[in-house]
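One file, work.pdb, carrying PDB, C-alpha atoms:
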ATOM      1  CA  MET A  12       5.253  -9.533 -36.500
ATOM      2  CA  SER A  13       6.961 -12.357 -34.600
ATOM      3  CA  THR A  14       7.354 -12.862 -30.863
ATOM      4  CA  PRO A  15      10.746 -11.680 -29.557
ATOM      5  CA  LYS A  16      13.354 -14.427 -29.078
ATOM      6  CA  VAL A  17      15.024 -14.806 -25.663
ATOM      7  CA  GLU A  18      18.332 -16.692 -25.328
ATOM      8  CA  SER A  19      20.392 -17.283 -22.177
ATOM      9  CA  GLU A  20      24.087 -16.565 -22.604
ATOM     10  CA  GLN A  21      27.184 -16.715 -20.409
ATOM     11  CA  HIS A  22      29.668 -13.880 -20.846
ATOM     12  CA  GLY A  23      32.713 -14.618 -18.730
ATOM     13  CA  GLU A  24      31.374 -15.030 -15.193
ATOM     14  CA  LEU A  25      28.062 -13.266 -15.870
ATOM     15  CA  ASN A  26      24.601 -14.660 -16.624
ATOM     16  CA  CYS A  27      23.041 -12.728 -19.494
ATOM     17  CA  TRP A  28      20.022 -12.744 -21.789
ATOM     18  CA  ARG A  29      19.971 -11.749 -25.458
ATOM     19  CA  ILE A  30      16.560 -10.582 -26.611
ATOM     20  CA  THR A  31      15.882 -10.152 -30.322
ATOM     21  CA  SER A  32      12.749  -8.726 -31.945
ATOM     22  CA  ASP A  33      11.985  -7.891 -35.581
ATOM     23  CA  SER A  34      13.369  -4.386 -35.032
ATOM     24  CA  ALA A  35      16.013  -4.486 -32.291
ATOM     25  CA  GLU A  36      18.399  -6.530 -30.161
ATOM     26  CA  LEU A  37      19.150  -6.188 -26.451
ATOM     27  CA  LEU A  38      21.783  -7.821 -24.227
ATOM     28  CA  VAL A  39      21.231  -7.608 -20.465
ATOM     29  CA  ALA A  40      23.149  -9.062 -17.502
ATOM     30  CA  GLN A  41      21.754 -10.336 -14.220
ATOM     31  CA  GLN A  42      24.582  -8.632 -12.363
ATOM     32  CA  GLY A  43      23.554  -5.064 -11.694
ATOM     33  CA  ALA A  44      20.428  -5.560 -13.853
ATOM     34  CA  GLN A  45      22.734  -3.977 -16.423
ATOM     35  CA  VAL A  46      21.805  -3.407 -20.037
ATOM     36  CA  LEU A  47      25.016  -4.247 -21.911
ATOM     37  CA  SER A  48      24.075  -3.354 -25.483
ATOM     38  CA  TYR A  49      21.124  -2.230 -27.578
ATOM     39  CA  GLN A  50      20.790  -1.645 -31.292
ATOM     40  CA  ARG A  51      18.134  -1.496 -33.928
ATOM     41  CA  ILE A  52      18.462  -4.132 -36.641
ATOM     42  CA  GLY A  53      20.570  -2.893 -39.559
ATOM     43  CA  GLU A  54      21.821   0.196 -37.691
ATOM     44  CA  PRO A  55      24.915   0.992 -35.612
ATOM     45  CA  PRO A  56      24.512   0.273 -31.871
ATOM     46  CA  LEU A  57      22.813   2.918 -29.755
ATOM     47  CA  LEU A  58      24.527   1.760 -26.573
ATOM     48  CA  TRP A  59      28.265   1.074 -26.499
ATOM     49  CA  LEU A  60      29.866  -2.166 -25.289
ATOM     50  CA  SER A  61      33.616  -1.844 -24.757
ATOM     51  CA  GLU A  62      35.670  -4.128 -26.968
ATOM     52  CA  GLN A  63      37.797  -4.898 -23.891
ATOM     53  CA  ALA A  64      34.915  -5.272 -21.427
ATOM     54  CA  ILE A  65      35.613  -7.509 -18.425
ATOM     55  CA  PHE A  66      32.762  -9.861 -17.469
ATOM     56  CA  LYS A  67      33.645 -10.590 -13.862
ATOM     57  CA  GLN A  68      31.509 -11.122 -10.764
ATOM     58  CA  GLY A  69      31.539  -8.061  -8.534
ATOM     59  CA  LYS A  70      32.778  -5.711 -11.267
ATOM     60  CA  SER A  71      30.514  -3.455 -13.307
ATOM     61  CA  VAL A  72      30.911  -3.940 -17.052
ATOM     62  CA  ARG A  73      32.100  -0.935 -19.054
ATOM     63  CA  ALA A  74      29.098  -0.952 -21.315
ATOM     64  CA  GLY A  75      25.453  -0.101 -21.769
ATOM     65  CA  VAL A  76      23.709   1.269 -18.694
ATOM     66  CA  PRO A  77      25.205   0.509 -15.262
ATOM     67  CA  VAL A  78      22.933   1.429 -12.340
ATOM     68  CA  CYS A  79      24.556   3.781  -9.804
ATOM     69  CA  TRP A  80      22.717   3.625  -6.447
ATOM     70  CA  PRO A  81      22.319   4.682  -3.546
ATOM     71  CA  TRP A  82      24.956   7.236  -4.448
ATOM     72  CA  PHE A  83      26.677   8.457  -7.576
ATOM     73  CA  GLY A  84      30.420   8.896  -8.021
ATOM     74  CA  ASN A  85      32.617   9.535  -4.995
ATOM     75  CA  LEU A  86      30.456   9.377  -1.857
ATOM     76  CA  LYS A  87      32.484  12.182  -0.274
ATOM     77  CA  ARG A  88      31.434  14.493  -3.119
ATOM     78  CA  ASN A  89      27.771  13.853  -2.306
ATOM     79  CA  PRO A  90      25.619  16.007  -0.012
ATOM     80  CA  ALA A  91      25.892  15.277   3.708
ATOM     81  CA  ALA A  92      22.433  13.697   3.791
ATOM     82  CA  VAL A  93      23.511  11.064   1.239
ATOM     83  CA  GLN A  94      26.800  10.404   3.056
ATOM     84  CA  ALA A  95      24.978   9.972   6.370
ATOM     85  CA  MET A  96      23.030   6.984   5.029
ATOM     86  CA  TYR A  97      26.203   4.858   4.770
ATOM     87  CA  ARG A  98      27.793   3.126   7.776
ATOM     88  CA  GLY A  99      30.720   1.406   6.059
ATOM     89  CA  GLU A 100      34.366   2.454   5.957
ATOM     90  CA  ASP A 101      35.284   2.063   2.282
ATOM     91  CA  ALA A 102      32.668   3.523  -0.054
ATOM     92  CA  PRO A 103      32.972   2.182  -3.618
ATOM     93  CA  ALA A 104      32.451   4.635  -6.458
ATOM     94  CA  HIS A 105      28.896   4.741  -7.839
ATOM     95  CA  GLY A 106      27.241   2.942  -4.949
ATOM     96  CA  LEU A 107      26.553  -0.648  -3.997
ATOM     97  CA  VAL A 108      24.317  -2.374  -6.557
ATOM     98  CA  ARG A 109      26.311  -2.513  -9.826
ATOM     99  CA  GLY A 110      28.243  -5.621  -8.801
ATOM    100  CA  ARG A 111      25.360  -7.596  -7.260
ATOM    101  CA  ASP A 112      23.087 -10.125  -8.908
ATOM    102  CA  TRP A 113      19.527  -8.848  -9.083
ATOM    103  CA  GLN A 114      16.520 -11.151  -9.034
ATOM    104  CA  LEU A 115      14.915 -11.581 -12.451
ATOM    105  CA  LEU A 116      11.161 -11.144 -12.095
ATOM    106  CA  GLY A 117      10.380 -12.032 -15.687
ATOM    107  CA  ILE A 118      10.818 -11.495 -19.410
ATOM    108  CA  GLU A 119       7.560 -11.015 -21.306
ATOM    109  CA  GLY A 120       7.141 -10.426 -25.031
ATOM    110  CA  SER A 121       4.132  -9.120 -26.897
ATOM    111  CA  GLY A 122       4.255  -8.388 -30.597
ATOM    112  CA  ASP A 123       7.450  -6.437 -31.243
ATOM    113  CA  SER A 124       7.786  -5.328 -27.611
ATOM    114  CA  VAL A 125       9.459  -7.047 -24.666
ATOM    115  CA  ARG A 126       9.618  -6.171 -20.972
ATOM    116  CA  VAL A 127      12.383  -7.331 -18.620
ATOM    117  CA  GLU A 128      12.012  -6.732 -14.877
ATOM    118  CA  PHE A 129      14.538  -7.112 -12.058
ATOM    119  CA  THR A 130      14.382  -6.436  -8.326
ATOM    120  CA  LEU A 131      16.547  -6.093  -5.256
ATOM    121  CA  PRO A 132      13.701  -6.720  -2.811
ATOM    122  CA  GLU A 133      15.297  -5.738   0.515
ATOM    123  CA  THR A 134      18.412  -3.601   0.460
ATOM    124  CA  GLN A 135      18.652  -3.823   4.263
ATOM    125  CA  SER A 136      19.746  -7.462   4.086
ATOM    126  CA  GLU A 137      21.594  -7.127   0.755
ATOM    127  CA  LEU A 138      23.612  -4.051   1.757
ATOM    128  CA  PRO A 139      24.639  -4.412   5.435
ATOM    129  CA  ASP A 140      26.654  -1.162   5.459
ATOM    130  CA  TRP A 141      23.638   0.739   4.131
ATOM    131  CA  PRO A 142      21.037  -0.183   6.790
ATOM    132  CA  HIS A 143      17.844   1.107   5.185
ATOM    133  CA  ASN A 144      14.940  -0.879   3.837
ATOM    134  CA  VAL A 145      14.318   0.141   0.228
ATOM    135  CA  GLU A 146      12.948  -2.070  -2.534
ATOM    136  CA  LEU A 147      14.530  -1.498  -5.939
ATOM    137  CA  LYS A 148      12.977  -2.429  -9.261
ATOM    138  CA  LEU A 149      14.433  -2.000 -12.723
ATOM    139  CA  SER A 150      12.146  -2.220 -15.740
ATOM    140  CA  ILE A 151      13.509  -2.463 -19.292
ATOM    141  CA  VAL A 152      11.050  -2.125 -22.179
ATOM    142  CA  MET A 153      12.318  -2.682 -25.715
ATOM    143  CA  GLY A 154      10.047  -1.686 -28.544
ATOM    144  CA  LYS A 155      10.606   0.989 -31.167
ATOM    145  CA  GLN A 156      12.643   2.650 -28.420
ATOM    146  CA  LEU A 157      14.316   1.443 -25.218
ATOM    147  CA  THR A 158      12.949   2.609 -21.869
ATOM    148  CA  ILE A 159      14.763   1.935 -18.596
ATOM    149  CA  THR A 160      13.071   2.811 -15.297
ATOM    150  CA  LEU A 161      14.663   2.530 -11.857
ATOM    151  CA  SER A 162      12.131   2.700  -9.013
ATOM    152  CA  SER A 163      12.997   3.054  -5.324
ATOM    153  CA  TYR A 164      10.338   2.207  -2.707
ATOM    154  CA  ASN A 165      11.083   3.308   0.865
ATOM    155  CA  LEU A 166       9.834   0.545   3.148
ATOM    156  CA  ASP A 167      11.464   2.152   6.207
ATOM    157  CA  ASN A 168       9.670   4.262   8.785
ATOM    158  CA  VAL A 169      12.231   7.074   8.417
ATOM    159  CA  PRO A 170      13.237   9.172   5.391
ATOM    160  CA  VAL A 171      16.021   7.933   3.120
ATOM    161  CA  THR A 172      18.197  10.205   0.940
ATOM    162  CA  ILE A 173      19.917   8.933  -2.204
ATOM    163  CA  SER A 174      21.757  10.075  -5.293
ATOM    164  CA  GLN A 175      21.663   7.848  -8.363
ATOM    165  CA  ALA A 176      22.196   7.578 -12.108
ATOM    166  CA  LEU A 177      21.538   5.484 -15.167
ATOM    167  CA  HIS A 178      25.174   5.642 -16.337
ATOM    168  CA  SER A 179      24.511   5.315 -20.075
ATOM    169  CA  TYR A 180      27.345   4.714 -22.550
ATOM    170  CA  PHE A 181      26.198   5.801 -26.008
ATOM    171  CA  ALA A 182      27.802   4.566 -29.227
ATOM    172  CA  VAL A 183      29.043   7.281 -31.577
ATOM    173  CA  SER A 184      30.984   7.241 -34.843
ATOM    174  CA  ASP A 185      33.655   9.606 -33.492
ATOM    175  CA  VAL A 186      33.137  11.686 -30.357
ATOM    176  CA  ARG A 187      35.175  14.517 -31.917
ATOM    177  CA  GLU A 188      32.475  14.890 -34.591
ATOM    178  CA  VAL A 189      29.323  14.862 -32.429
ATOM    179  CA  VAL A 190      27.550  17.532 -30.415
ATOM    180  CA  VAL A 191      25.054  17.396 -27.564
ATOM    181  CA  GLU A 192      21.921  19.488 -28.034
ATOM    182  CA  GLY A 193      19.736  20.731 -25.184
ATOM    183  CA  VAL A 194      22.454  22.058 -22.862
ATOM    184  CA  ASP A 195      22.794  25.639 -24.174
ATOM    185  CA  GLY A 196      22.431  28.087 -21.297
ATOM    186  CA  LEU A 197      22.551  25.452 -18.559
ATOM    187  CA  SER A 198      24.687  25.805 -15.462
ATOM    188  CA  TYR A 199      27.184  23.023 -14.972
ATOM    189  CA  ILE A 200      29.853  21.883 -12.528
ATOM    190  CA  GLU A 201      33.258  21.590 -14.213
ATOM    191  CA  THR A 202      34.765  18.779 -12.157
ATOM    192  CA  LEU A 203      38.095  19.054 -14.018
ATOM    193  CA  ALA A 204      38.570  22.662 -12.823
ATOM    194  CA  ASP A 205      38.076  22.495  -9.046
ATOM    195  CA  TRP A 206      34.348  21.885  -9.418
ATOM    196  CA  GLU A 207      33.658  25.415 -10.583
ATOM    197  CA  GLN A 208      30.113  26.298 -11.595
ATOM    198  CA  ARG A 209      29.932  27.616 -15.160
ATOM    199  CA  THR A 210      27.363  28.307 -17.885
ATOM    200  CA  GLN A 211      27.204  26.360 -21.150
ATOM    201  CA  GLN A 212      27.394  28.441 -24.322
ATOM    202  CA  GLY A 213      25.799  26.706 -27.323
ATOM    203  CA  ASP A 214      25.783  22.993 -28.043
ATOM    204  CA  LEU A 215      28.478  20.880 -26.389
ATOM    205  CA  GLY A 216      31.280  19.574 -28.612
ATOM    206  CA  PHE A 217      34.315  17.528 -27.564
ATOM    207  CA  ALA A 218      38.022  18.324 -27.904
ATOM    208  CA  GLY A 219      39.437  16.844 -24.687
ATOM    209  CA  GLU A 220      38.562  14.990 -21.483
ATOM    210  CA  THR A 221      35.057  15.928 -20.346
ATOM    211  CA  ASP A 222      33.444  15.392 -16.933
ATOM    212  CA  ARG A 223      30.596  17.781 -16.198
ATOM    213  CA  ILE A 224      27.470  17.793 -14.066
ATOM    214  CA  TYR A 225      24.692  19.716 -15.816
ATOM    215  CA  LEU A 226      22.006  21.241 -13.600
ATOM    216  CA  GLN A 227      18.309  21.849 -14.199
ATOM    217  CA  THR A 228      18.453  19.778 -17.363
ATOM    218  CA  PRO A 229      15.465  19.590 -19.717
ATOM    219  CA  GLU A 230      13.575  16.352 -20.297
ATOM    220  CA  GLN A 231      15.201  15.874 -23.710
ATOM    221  CA  LEU A 232      18.868  15.879 -24.682
ATOM    222  CA  SER A 233      20.205  14.736 -28.046
ATOM    223  CA  ILE A 234      23.471  13.486 -29.515
ATOM    224  CA  VAL A 235      23.872  14.655 -33.124
ATOM    225  CA  ASP A 236      26.152  12.305 -35.072
ATOM    226  CA  PRO A 237      26.561  13.505 -38.685
ATOM    227  CA  ASN A 238      28.856  10.613 -39.706
ATOM    228  CA  TRP A 239      26.098   8.135 -38.898
ATOM    229  CA  ASN A 240      23.383  10.550 -40.064
ATOM    230  CA  ARG A 241      21.430  10.218 -36.849
ATOM    231  CA  ARG A 242      20.288  11.987 -33.740
ATOM    232  CA  ILE A 243      20.124   9.880 -30.546
ATOM    233  CA  CYS A 244      17.198  11.216 -28.533
ATOM    234  CA  LEU A 245      17.235  10.904 -24.741
ATOM    235  CA  ASN A 246      13.982  11.570 -22.909
ATOM    236  CA  SER A 247      14.127  11.466 -19.118
ATOM    237  CA  SER A 248      11.772  11.788 -16.178
ATOM    238  CA  GLY A 249      12.405  11.949 -12.446
ATOM    239  CA  SER A 250      15.716  13.732 -13.129
ATOM    240  CA  ARG A 251      16.919  17.338 -13.110
ATOM    241  CA  SER A 252      20.630  16.643 -13.598
ATOM    242  CA  ALA A 253      22.885  14.890 -16.089
ATOM    243  CA  VAL A 254      26.549  13.930 -16.136
ATOM    244  CA  ILE A 255      28.417  14.098 -19.455
ATOM    245  CA  TRP A 256      31.710  12.197 -19.577
ATOM    246  CA  ASN A 257      34.394  11.123 -22.000
ATOM    247  CA  PRO A 258      37.836  10.038 -20.753
ATOM    248  CA  TRP A 259      39.811  11.091 -23.871
ATOM    249  CA  ILE A 260      43.314   9.782 -24.603
ATOM    250  CA  ALA A 261      45.295   9.725 -21.353
ATOM    251  CA  ARG A 262      42.503   8.576 -19.092
ATOM    252  CA  ALA A 263      41.350   5.849 -21.526
ATOM    253  CA  ALA A 264      44.908   4.479 -21.615
ATOM    254  CA  GLU A 265      44.666   3.942 -17.835
ATOM    255  CA  LEU A 266      41.456   1.905 -18.057
ATOM    256  CA  PRO A 267      42.069  -1.856 -18.416
ATOM    257  CA  ASP A 268      38.588  -2.471 -19.820
ATOM    258  CA  MET A 269      38.743   0.161 -22.576
ATOM    259  CA  ALA A 270      40.831   0.052 -25.745
ATOM    260  CA  ASP A 271      43.322   2.913 -26.020
ATOM    261  CA  ASP A 272      41.193   4.410 -28.787
ATOM    262  CA  GLY A 273      37.865   3.331 -27.267
ATOM    263  CA  TRP A 274      37.149   6.879 -26.109
ATOM    264  CA  GLN A 275      36.533   7.837 -29.744
ATOM    265  CA  ARG A 276      33.516   5.519 -30.018
ATOM    266  CA  MET A 277      31.612   6.351 -26.806
ATOM    267  CA  LEU A 278      29.983   9.192 -24.931
ATOM    268  CA  CYS A 279      28.366   8.971 -21.523
ATOM    269  CA  ILE A 280      25.276  11.034 -20.807
ATOM    270  CA  GLU A 281      24.089   9.876 -17.413
ATOM    271  CA  THR A 282      20.473  10.531 -16.438
ATOM    272  CA  ALA A 283      20.860  11.360 -12.780
ATOM    273  CA  ASN A 284      19.787  12.719  -9.426
ATOM    274  CA  VAL A 285      23.005  14.365  -8.224
ATOM    275  CA  TRP A 286      24.378  17.553  -6.684
ATOM    276  CA  ASP A 287      21.330  19.637  -5.623
ATOM    277  CA  ASP A 288      18.992  17.112  -7.283
ATOM    278  CA  VAL A 289      19.251  14.277  -4.753
ATOM    279  CA  VAL A 290      16.099  12.391  -3.729
ATOM    280  CA  THR A 291      14.680  12.166  -0.209
ATOM    281  CA  LEU A 292      12.090   9.414   0.089
ATOM    282  CA  ALA A 293       9.563   9.790   2.881
ATOM    283  CA  PRO A 294       8.380   6.550   4.542
ATOM    284  CA  GLY A 295       6.226   4.680   2.039
ATOM    285  CA  ALA A 296       7.242   6.936  -0.863
ATOM    286  CA  THR A 297       8.435   5.905  -4.316
ATOM    287  CA  HIS A 298      10.696   7.659  -6.809
ATOM    288  CA  SER A 299      11.179   6.566 -10.423
ATOM    289  CA  LEU A 300      14.116   7.612 -12.583
ATOM    290  CA  SER A 301      13.443   6.877 -16.237
ATOM    291  CA  LEU A 302      15.230   7.177 -19.568
ATOM    292  CA  THR A 303      13.904   6.499 -23.057
ATOM    293  CA  ILE A 304      16.456   6.081 -25.855
ATOM    294  CA  GLY A 305      15.527   6.443 -29.511
ATOM    295  CA  SER A 306      17.011   7.758 -32.731
ATOM    296  CA  GLU A 307      16.011   9.591 -35.867
ATOM    297  CA  PRO A 308      17.786  10.445 -39.135
ATOM    298  CA  LEU A 309      19.268  13.903 -39.532
TER     299      LEU A 309
END
Transcribe the structure of this file into structure tokens.
Amino acid sequence: MSTPKVESEQHGELNCWRITSDSAELLVAQQGAQVLSYQRIGEPPLLWLSEQAIFKQGKSVRAGVPVCWPWFGNLKRNPAAVQAMYRGEDAPAHGLVRGRDWQLLGIEGSGDSVRVEFTLPETQSELPDWPHNVELKLSIVMGKQLTITLSSYNLDNVPVTISQALHSYFAVSDVREVVVEGVDGLSYIETLADWEQRTQQGDLGFAGETDRIYLQTPEQLSIVDPNWNRRICLNSSGSRSAVIWNPWIARAAELPDMADDGWQRMLCIETANVWDDVVTLAPGATHSLSLTIGSEPL
């Protein structure tokens, strides 16, 4: 068992690191502390990197696992307590940290495992329109599986309320052929139909644009991909909600960083704290949102 290899790479305007072990390969960017791709050696990727991804400072890459924080999606669709934290005029979608360079704390390998850690040590100075003092850390552990943990430490003397997500893009053979297990019976918000609340019947398959917020989600969800003879297993903690998204044909054609047929090869299942699952951090409190990604043959 050899020590993992770490190589610095430049992708467009972004500083990145490629980490290779005997069993897997990981590509991670300093901007946004964003995992860009992950795959086990000899297997199809588990995380999807758009063929037309744009590697530009200040712009989140359409790939891997962008970090959405201190809010998810459109701020105006968030609870009032999350909106009240922000003092700016224009609120970018998915928060304020995806387009910022995080500080690399270190990359450490041991055997076939490697840990990468990033921090945004003081959001108060980094995010002037969000005047609250929270320390963010992102830990990435690559071994037989990939575990990503986002921790928020409230250093303020008043409570802070956030929504957030690990906006994971999963690689699939053909989204029309896969199903998501673990959602049967769950309530969800159908954002494409006036944000109605509905109930899921059976596993979730895909035959058109999908943008749903699932509520009271279990710790494990799975993507069953018969063409690739695998089940992608998602195990989460610190989360009771998940967003499932695929843009389908018309929406993908509008995205400059996605091929017109790119929607066929990706599926987002976003481990989240959204809707009625937002997080209020008391002074001195910590919350960790974590996702472990693995796979098994069918």
Give as an NGL selection string the residues that the PyMOL selection byres ((chain A and resi 288-304) around 6) matches when applied to the coordinates above. :A and (156-174 or 244-249 or 284-287 or 305)
Can you check which parts of stretch 193-276 of chain A lie within 12 Å of stretch 73-79 of chain A? Per residue, the shortest pair of atoms and distance in Å to one decimal, counting only C-alpha atoms, sorted by chain and number, as a Markdown table.
| residue | atom | partner | partner_atom | distance |
| --- | --- | --- | --- | --- |
| A:Ala263 | CA | A:Arg73 | CA | 11.7 |
| A:Leu266 | CA | A:Arg73 | CA | 9.8 |
| A:Pro267 | CA | A:Arg73 | CA | 10.0 |
| A:Asp268 | CA | A:Arg73 | CA | 6.7 |
| A:Met269 | CA | A:Arg73 | CA | 7.6 |
| A:Ala270 | CA | A:Arg73 | CA | 11.0 |
| A:Gly273 | CA | A:Arg73 | CA | 10.9 |
| A:Trp274 | CA | A:Arg73 | CA | 11.7 |
| A:Arg276 | CA | A:Ala74 | CA | 11.7 |
Tell me which protein, DNA and RNA residues are within 6 Å of A:Leu58, counting all atoms listed in the file, leaving out same-chain ones fewer than 2 positions away, and put them as a ChimeraX atom specification. /A:48-49,56,75,180-182
Could you tell me how far atom CA of A:Gly53 sits from atom CA of A:Leu25, in Å to one decimal place? 26.9 Å
Using only C-alpha atoms, pick whichever of A:Asp185, A:Glu20, A:Asp222, A:Asp140 has the shortest atom-to-atom distance to A:Asp205. A:Asp222
